[in-house]
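> My structure is stored as model-v6.json, with JSON, C-alpha atoms.
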[["chain", "number", "residue", "atom", "x", "y", "z"],
["A", 1, "MET", "CA", 73.59, -17.49, -29.04],
["A", 2, "ASN", "CA", 71.81, -20.59, -27.71],
["A", 3, "ARG", "CA", 70.38, -21.49, -31.13],
["A", 4, "LEU", "CA", 71.30, -25.12, -30.39],
["A", 5, "LEU", "CA", 70.59, -25.15, -26.66],
["A", 6, "GLY", "CA", 70.28, -28.71, -25.37],
["A", 7, "LYS", "CA", 70.66, -30.34, -28.78],
["A", 8, "VAL", "CA", 73.03, -33.30, -29.09],
["A", 9, "MET", "CA", 75.34, -32.97, -32.09],
["A", 10, "LEU", "CA", 77.49, -35.87, -33.30],
["A", 11, "ILE", "CA", 80.44, -34.87, -35.49],
["A", 12, "THR", "CA", 82.50, -37.51, -37.31],
["A", 13, "GLU", "CA", 86.25, -37.02, -37.77],
["A", 14, "ALA", "CA", 85.91, -34.03, -35.49],
["A", 15, "HIS", "CA", 89.65, -33.36, -35.35],
["A", 16, "SER", "CA", 89.55, -31.95, -38.90],
["A", 17, "ARG", "CA", 89.64, -28.17, -39.31],
["A", 18, "ILE", "CA", 85.97, -27.95, -40.25],
["A", 19, "GLY", "CA", 84.96, -30.59, -37.70],
["A", 20, "SER", "CA", 86.72, -28.92, -34.78],
["A", 21, "THR", "CA", 85.50, -25.44, -35.73],
["A", 22, "THR", "CA", 81.96, -26.82, -35.94],
["A", 23, "ALA", "CA", 82.28, -28.35, -32.47],
["A", 24, "LYS", "CA", 83.50, -25.10, -30.91],
["A", 25, "SER", "CA", 80.84, -22.95, -32.59],
["A", 26, "ALA", "CA", 78.01, -25.39, -31.81],
["A", 27, "ALA", "CA", 79.10, -25.59, -28.17],
["A", 28, "GLU", "CA", 78.95, -21.79, -27.97],
["A", 29, "GLU", "CA", 75.38, -22.06, -29.26],
["A", 30, "GLY", "CA", 74.51, -24.44, -26.42],
["A", 31, "ALA", "CA", 74.84, -27.81, -28.13],
["A", 32, "ILE", "CA", 76.09, -30.94, -26.39],
["A", 33, "ILE", "CA", 78.99, -32.10, -28.56],
["A", 34, "VAL", "CA", 79.82, -35.72, -29.33],
["A", 35, "CYS", "CA", 83.01, -35.89, -31.34],
["A", 36, "THR", "CA", 84.29, -39.07, -32.94],
["A", 37, "GLY", "CA", 87.47, -40.16, -34.64],
["A", 38, "LYS", "CA", 89.59, -43.18, -35.36],
["A", 39, "GLN", "CA", 92.34, -41.91, -33.05],
["A", 40, "LEU", "CA", 91.12, -40.50, -29.74],
["A", 41, "ASP", "CA", 94.38, -38.67, -29.02],
["A", 42, "LYS", "CA", 93.73, -36.37, -31.98],
["A", 43, "LEU", "CA", 90.53, -35.21, -30.27],
["A", 44, "SER", "CA", 92.21, -34.19, -27.00],
["A", 45, "PRO", "CA", 92.95, -30.56, -28.02],
["A", 46, "LEU", "CA", 89.34, -30.09, -29.11],
["A", 47, "ILE", "CA", 87.97, -31.51, -25.86],
["A", 48, "SER", "CA", 90.20, -29.16, -23.87],
["A", 49, "ALA", "CA", 89.19, -26.14, -25.94],
["A", 50, "VAL", "CA", 85.45, -26.78, -25.53],
["A", 51, "THR", "CA", 85.55, -27.63, -21.82],
["A", 52, "GLN", "CA", 87.65, -24.56, -21.05],
["A", 53, "THR", "CA", 84.85, -22.37, -22.40],
["A", 54, "GLY", "CA", 82.21, -24.20, -20.36],
["A", 55, "GLY", "CA", 80.93, -26.44, -23.14],
["A", 56, "ILE", "CA", 79.79, -30.05, -22.82],
["A", 57, "ILE", "CA", 81.73, -32.50, -24.99],
["A", 58, "SER", "CA", 82.58, -36.19, -25.10],
["A", 59, "ALA", "CA", 84.69, -38.29, -27.47],
["A", 60, "TYR", "CA", 84.30, -41.77, -28.92],
["A", 61, "GLN", "CA", 86.65, -43.92, -30.94],
["A", 62, "HIS", "CA", 84.96, -44.50, -34.26],
["A", 63, "ASP", "CA", 85.86, -46.21, -37.52],
["A", 64, "VAL", "CA", 83.31, -44.69, -39.89],
["A", 65, "SER", "CA", 83.86, -47.44, -42.47],
["A", 66, "SER", "CA", 82.64, -50.07, -39.99],
["A", 67, "ARG", "CA", 78.93, -50.75, -39.50],
["A", 68, "VAL", "CA", 79.67, -52.31, -36.10],
["A", 69, "SER", "CA", 81.56, -49.20, -35.00],
["A", 70, "TRP", "CA", 78.64, -47.00, -36.01],
["A", 71, "LYS", "CA", 76.21, -49.22, -34.13],
["A", 72, "ASN", "CA", 78.35, -49.11, -30.98],
["A", 73, "VAL", "CA", 78.87, -45.36, -31.05],
["A", 74, "ILE", "CA", 75.20, -44.55, -31.62],
["A", 75, "SER", "CA", 74.17, -46.98, -28.88],
["A", 76, "ASP", "CA", 76.63, -45.43, -26.40],
["A", 77, "VAL", "CA", 75.55, -41.87, -27.23],
["A", 78, "ILE", "CA", 71.86, -42.72, -26.82],
["A", 79, "ALA", "CA", 72.64, -44.40, -23.51],
["A", 80, "SER", "CA", 74.49, -41.28, -22.31],
["A", 81, "TYR", "CA", 72.30, -38.48, -23.67],
["A", 82, "GLY", "CA", 69.03, -40.13, -24.66],
["A", 83, "LYS", "CA", 69.01, -38.77, -28.20],
["A", 84, "ILE", "CA", 70.93, -37.47, -31.21],
["A", 85, "ASP", "CA", 69.47, -34.31, -32.73],
["A", 86, "ILE", "CA", 72.16, -33.54, -35.31],
["A", 87, "LEU", "CA", 74.61, -35.65, -37.28],
["A", 88, "VAL", "CA", 77.42, -33.79, -39.04],
["A", 89, "ASN", "CA", 79.40, -36.06, -41.34],
["A", 90, "THR", "CA", 82.80, -34.53, -42.09],
["A", 91, "ALA", "CA", 84.57, -37.84, -42.78],
["A", 92, "GLY", "CA", 85.78, -38.32, -46.33],
["A", 93, "ILE", "CA", 88.78, -38.93, -48.55],
["A", 94, "SER", "CA", 89.66, -38.17, -52.15],
["A", 95, "SER", "CA", 92.12, -39.61, -54.63],
["A", 96, "PRO", "CA", 94.40, -37.81, -57.11],
["A", 97, "LYS", "CA", 94.02, -40.76, -59.49],
["A", 98, "MET", "CA", 91.73, -40.86, -62.49],
["A", 99, "SER", "CA", 89.11, -43.59, -62.77],
["A", 100, "LEU", "CA", 91.14, -46.06, -64.81],
["A", 101, "GLU", "CA", 94.15, -45.62, -62.50],
["A", 102, "LEU", "CA", 92.29, -46.78, -59.41],
["A", 103, "SER", "CA", 93.17, -50.16, -57.97],
["A", 104, "LEU", "CA", 90.58, -52.38, -56.32],
["A", 105, "ASP", "CA", 92.00, -51.39, -52.93],
["A", 106, "ASP", "CA", 91.65, -47.70, -53.86],
["A", 107, "CYS", "CA", 88.00, -48.25, -54.76],
["A", 108, "LYS", "CA", 87.28, -50.14, -51.55],
["A", 109, "LYS", "CA", 88.88, -47.43, -49.42],
["A", 110, "ILE", "CA", 87.00, -44.59, -51.12],
["A", 111, "GLN", "CA", 83.72, -46.48, -50.97],
["A", 112, "GLY", "CA", 84.26, -47.47, -47.34],
["A", 113, "ILE", "CA", 84.98, -44.00, -46.03],
["A", 114, "ASP", "CA", 82.95, -41.81, -48.39],
["A", 115, "ILE", "CA", 79.87, -43.87, -49.27],
["A", 116, "ASN", "CA", 79.54, -46.74, -46.79],
["A", 117, "SER", "CA", 80.15, -44.47, -43.81],
["A", 118, "PHE", "CA", 77.35, -42.17, -44.93],
["A", 119, "VAL", "CA", 74.93, -45.07, -45.41],
["A", 120, "TYR", "CA", 75.90, -46.69, -42.09],
["A", 121, "GLY", "CA", 75.39, -43.38, -40.31],
["A", 122, "LEU", "CA", 71.95, -42.96, -41.82],
["A", 123, "ASN", "CA", 70.94, -46.51, -40.93],
["A", 124, "GLU", "CA", 71.98, -46.16, -37.32],
["A", 125, "VAL", "CA", 70.93, -42.60, -36.49],
["A", 126, "ILE", "CA", 67.59, -42.27, -38.30],
["A", 127, "PRO", "CA", 65.67, -44.73, -36.07],
["A", 128, "SER", "CA", 66.67, -42.73, -32.99],
["A", 129, "MET", "CA", 65.70, -39.46, -34.70],
["A", 130, "ILE", "CA", 62.29, -40.89, -35.56],
["A", 131, "LYS", "CA", 61.74, -41.76, -31.87],
["A", 132, "ASN", "CA", 62.91, -38.26, -30.92],
["A", 133, "GLY", "CA", 60.49, -36.55, -33.31],
["A", 134, "GLY", "CA", 63.01, -35.39, -35.89],
["A", 135, "GLY", "CA", 66.56, -34.29, -36.50],
["A", 136, "SER", "CA", 69.05, -32.78, -38.90],
["A", 137, "ILE", "CA", 71.65, -34.70, -40.93],
["A", 138, "ILE", "CA", 74.36, -32.66, -42.63],
["A", 139, "ASN", "CA", 76.91, -34.08, -45.02],
["A", 140, "VAL", "CA", 80.01, -32.00, -45.75],
["A", 141, "SER", "CA", 80.54, -32.61, -49.44],
["A", 142, "THR", "CA", 82.37, -30.40, -51.96],
["A", 143, "VAL", "CA", 81.58, -28.00, -54.75],
["A", 144, "GLU", "CA", 83.71, -30.22, -56.99],
["A", 145, "GLY", "CA", 80.86, -32.66, -57.17],
["A", 146, "LEU", "CA", 78.86, -29.93, -58.90],
["A", 147, "VAL", "CA", 81.52, -28.64, -61.31],
["A", 148, "ASP", "CA", 84.23, -30.32, -63.34],
["A", 149, "LEU", "CA", 87.30, -31.54, -61.51],
["A", 150, "PRO", "CA", 89.23, -33.20, -64.35],
["A", 151, "THR", "CA", 92.15, -34.25, -62.16],
["A", 152, "SER", "CA", 89.97, -36.16, -59.69],
["A", 153, "SER", "CA", 86.89, -37.48, -61.46],
["A", 154, "PRO", "CA", 86.37, -40.46, -59.07],
["A", 155, "TYR", "CA", 85.96, -38.03, -56.17],
["A", 156, "ALA", "CA", 83.37, -35.99, -58.07],
["A", 157, "ALA", "CA", 81.53, -39.21, -58.96],
["A", 158, "VAL", "CA", 81.45, -40.31, -55.31],
["A", 159, "GLN", "CA", 80.00, -36.96, -54.28],
["A", 160, "ASP", "CA", 77.28, -37.37, -56.92],
["A", 161, "VAL", "CA", 76.34, -40.68, -55.31],
["A", 162, "ILE", "CA", 76.21, -39.18, -51.82],
["A", 163, "ARG", "CA", 74.11, -36.22, -52.94],
["A", 164, "SER", "CA", 71.67, -38.57, -54.68],
["A", 165, "LEU", "CA", 71.37, -40.65, -51.52],
["A", 166, "SER", "CA", 70.84, -37.48, -49.50],
["A", 167, "LEU", "CA", 67.95, -36.43, -51.74],
["A", 168, "ASP", "CA", 66.35, -39.87, -51.50],
["A", 169, "VAL", "CA", 66.58, -39.94, -47.72],
["A", 170, "ALA", "CA", 65.37, -36.33, -47.44],
["A", 171, "PHE", "CA", 62.23, -37.32, -49.35],
["A", 172, "GLU", "CA", 61.68, -40.64, -47.57],
["A", 173, "TYR", "CA", 61.92, -39.24, -44.02],
["A", 174, "ALA", "CA", 60.51, -35.73, -44.40],
["A", 175, "ASN", "CA", 57.26, -36.92, -42.81],
["A", 176, "HIS", "CA", 59.29, -37.77, -39.69],
["A", 177, "ASN", "CA", 60.65, -34.20, -39.52],
["A", 178, "ILE", "CA", 64.14, -35.42, -40.42],
["A", 179, "ARG", "CA", 66.06, -33.04, -42.64],
["A", 180, "VAL", "CA", 69.00, -34.14, -44.79],
["A", 181, "ASN", "CA", 71.19, -31.50, -46.43],
["A", 182, "SER", "CA", 74.63, -31.14, -47.97],
["A", 183, "ILE", "CA", 77.23, -28.42, -47.54],
["A", 184, "CYS", "CA", 79.38, -27.92, -50.65],
["A", 185, "PRO", "CA", 82.58, -26.02, -49.81],
["A", 186, "GLY", "CA", 85.03, -24.60, -52.30],
["A", 187, "ILE", "CA", 88.75, -24.28, -51.51],
["A", 188, "ILE", "CA", 89.04, -23.71, -47.77],
["A", 189, "ASP", "CA", 92.07, -22.37, -45.91],
["A", 190, "THR", "CA", 93.80, -25.31, -44.18],
["A", 191, "PRO", "CA", 97.41, -25.93, -43.12],
["A", 192, "ILE", "CA", 98.14, -27.74, -46.40],
["A", 193, "ILE", "CA", 96.51, -25.04, -48.52],
["A", 194, "GLU", "CA", 98.39, -22.32, -46.61],
["A", 195, "THR", "CA", 101.70, -23.70, -47.87],
["A", 196, "THR", "CA", 100.58, -24.57, -51.39],
["A", 197, "PHE", "CA", 98.37, -21.57, -52.21],
["A", 198, "PRO", "CA", 101.22, -19.40, -53.53],
["A", 199, "LYS", "CA", 101.93, -22.14, -56.08],
["A", 200, "ILE", "CA", 98.33, -22.78, -57.11],
["A", 201, "ARG", "CA", 97.17, -19.15, -57.04],
["A", 202, "PRO", "CA", 97.52, -18.63, -60.84],
["A", 203, "ASP", "CA", 95.26, -21.62, -61.55],
["A", 204, "TYR", "CA", 92.93, -20.66, -58.70],
["A", 205, "LYS", "CA", 92.47, -17.17, -60.13],
["A", 206, "LYS", "CA", 91.42, -18.58, -63.52],
["A", 207, "SER", "CA", 88.13, -19.80, -62.04],
["A", 208, "ILE", "CA", 87.62, -17.67, -58.92],
["A", 209, "GLN", "CA", 87.53, -13.90, -58.60],
["A", 210, "PHE", "CA", 87.41, -13.73, -54.82],
["A", 211, "PRO", "CA", 90.74, -12.36, -53.55],
["A", 212, "TYR", "CA", 90.98, -14.80, -50.64],
["A", 213, "LEU", "CA", 90.37, -18.41, -49.70],
["A", 214, "GLY", "CA", 87.35, -19.53, -47.73],
["A", 215, "LYS", "CA", 87.80, -20.04, -44.00],
["A", 216, "PRO", "CA", 86.46, -22.93, -41.90],
["A", 217, "GLU", "CA", 84.16, -20.45, -40.20],
["A", 218, "ASP", "CA", 82.46, -19.77, -43.55],
["A", 219, "ILE", "CA", 81.49, -23.43, -43.79],
["A", 220, "VAL", "CA", 80.60, -23.75, -40.13],
["A", 221, "ASN", "CA", 78.16, -20.84, -40.37],
["A", 222, "GLY", "CA", 76.25, -22.93, -42.91],
["A", 223, "ILE", "CA", 76.41, -26.03, -40.71],
["A", 224, "ILE", "CA", 75.04, -24.12, -37.72],
["A", 225, "TYR", "CA", 72.22, -22.75, -39.87],
["A", 226, "LEU", "CA", 71.26, -26.22, -41.11],
["A", 227, "SER", "CA", 71.42, -27.53, -37.53],
["A", 228, "CYS", "CA", 69.11, -25.02, -35.90],
["A", 229, "ASP", "CA", 65.41, -24.17, -36.14],
["A", 230, "GLU", "CA", 66.08, -21.33, -38.56],
["A", 231, "SER", "CA", 66.32, -23.98, -41.30],
["A", 232, "SER", "CA", 63.33, -26.02, -40.13],
["A", 233, "PHE", "CA", 61.80, -25.96, -43.64],
["A", 234, "VAL", "CA", 65.04, -26.78, -45.49],
["A", 235, "THR", "CA", 65.76, -30.33, -46.63],
["A", 236, "GLY", "CA", 67.34, -31.92, -49.68],
["A", 237, "ALA", "CA", 69.37, -28.77, -50.23],
["A", 238, "LYS", "CA", 72.92, -28.36, -51.51],
["A", 239, "LEU", "CA", 74.27, -25.27, -49.75],
["A", 240, "VAL", "CA", 77.20, -24.04, -51.87],
["A", 241, "ILE", "CA", 79.79, -21.99, -49.98],
["A", 242, "ASP", "CA", 82.62, -21.39, -52.42],
["A", 243, "GLY", "CA", 83.04, -17.71, -53.19],
["A", 244, "ASP", "CA", 82.21, -17.65, -56.89],
["A", 245, "ARG", "CA", 83.73, -21.01, -57.99],
["A", 246, "ILE", "CA", 80.45, -22.55, -59.14],
["A", 247, "THR", "CA", 79.59, -19.53, -61.30],
["A", 248, "ASN", "CA", 82.53, -20.19, -63.61]]
What is this structure when it is put down as structure tokens?


Amino acid sequence: MNRLLGKVMLITEAHSRIGSTTAKSAAEEGAIIVCTGKQLDKLSPLISAVTQTGGIISAYQHDVSSRVSWKNVISDVIASYGKIDILVNTAGISSPKMSLELSLDDCKKIQGIDINSFVYGLNEVIPSMIKNGGGSIINVSTVEGLVDLPTSSPYAAVQDVIRSLSLDVAFEYANHNIRVNSICPGIIDTPIIETTFPKIRPDYKKSIQFPYLGKPEDIVNGIIYLSCDESSFVTGAKLVIDGDRITN
């Protein structure tokens, strides 16, 4: 407990299963939680859950694909708390289409939410982390950027770009004590997966021997580790949490 005492953690798209679980766990560890999302009403249950357990949490409307929105959110958070110690980027979308099936609008949407949002976040939060003497930036990626995903190659390609950017930034700002790491989850138990898993289980078992799906808590344990001082010498890493998917 208290591994994140007094640290300010900003979580994008915090209403997601991984985002909300991260917020609750980090609050239990003493972090001050700043959750963002495009629709504030989706964050209400999370705010109630954290405050009921004595945690400190605030919410901001945030379009991650907008540089102006990033600038406004970071400015407001700094004005309220004086710093941002941890940025957890859980925002992202994928597409079931193959590369040649993507329209220009598809490409713009994927780039805006997956790539541009990551770059905008870096541009806005790093200067404040430098002033604060360091920080931790964690991007929730996917194991499918590390192994073949033949039905969604554009998504894997986007994740390759984000991981490359993460490595570059990790190197460039290591001397400022800013760490940049990626979490690479496998298939995680979510409401959609709960209903579809019986159908996909035969294909799932071809590549994974684990008898169960990963849980959000499995991913969040990695996020908490990369957020706290226990990982103070870890940067540029790709932390794979996927059972045994990547071994196949």

> At what distance in Å, to one decimal, does CA of Gly214 (chain A) lie from CA of Val140 (chain A)?

14.6 Å

> A:Leu167, A:Val125, A:Ile138, A:Ala157: which is nearest Cys228 (chain A), counting all atoms listed in the file?

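Closest to Cys228 (chain A) of all the choices is A:Ile138.
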
> What is the distance, in Å and to one decimal place, between CA of Asp189 (chain A) and CA of Ser227 (chain A)?

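Pair CA of Asp189 (chain A) / CA of Ser227 (chain A) returns 22.9 Å.
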
> Which value, in Å to one decimal, gives the distance between CA of Phe171 (chain A) and CA of Thr21 (chain A)?

29.5 Å

> Determine the nearest neighbour of Ile183 (chain A) from the options A:Ile74, A:Ile18, A:Val50, A:Leu122, counting all atoms listed in the file.

A:Ile18

> Skipping near chain neighbours, those fewer than 6 positions away, what residues fall within 8 Å of Ile11 (chain A) using all atoms listed in the file, listed as a list in words?

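Counting all atoms listed in the file, the residues come to Gly19, Ala23, Ile33, Val34, Cys35, Thr36, Leu87, Val88, Asn89 and Thr90 of chain A.
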
> Could you check the closest approach to Leu4 (chain A) for each of A:Ala31, A:Val169, A:Leu40, A:Ile115 and tell me which residue wins, using all atoms listed in the file?

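Going through A:Ala31, A:Val169, A:Leu40, A:Ile115 one by one, the smallest distance to Leu4 (chain A) is for A:Ala31.
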
> For Val119 (chain A), which residue out of A:Ser65, A:Gly134, A:Ile86, A:Ala14 is the nearest one, using only C-alpha atoms?

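Looking at the shortest contact to Val119 (chain A), the residue is A:Ser65.
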
> For Arg67 (chain A), please output as an MDAnalysis selection string all residues within 10 Å (counting all atoms listed in the file; exclusion window: fewer than 4 positions along the same chain).

chainID A and resid 63 71:72 116:117 119:121 123:124

> May I have the residues within 12 Å of Asp168 (chain A) as a PyMOL selection string, using all atoms listed in the file and disregarding those fewer than 2 positions away in the same chain?

chain A and resi 119+122+161-166+170-174+179-181+235-237
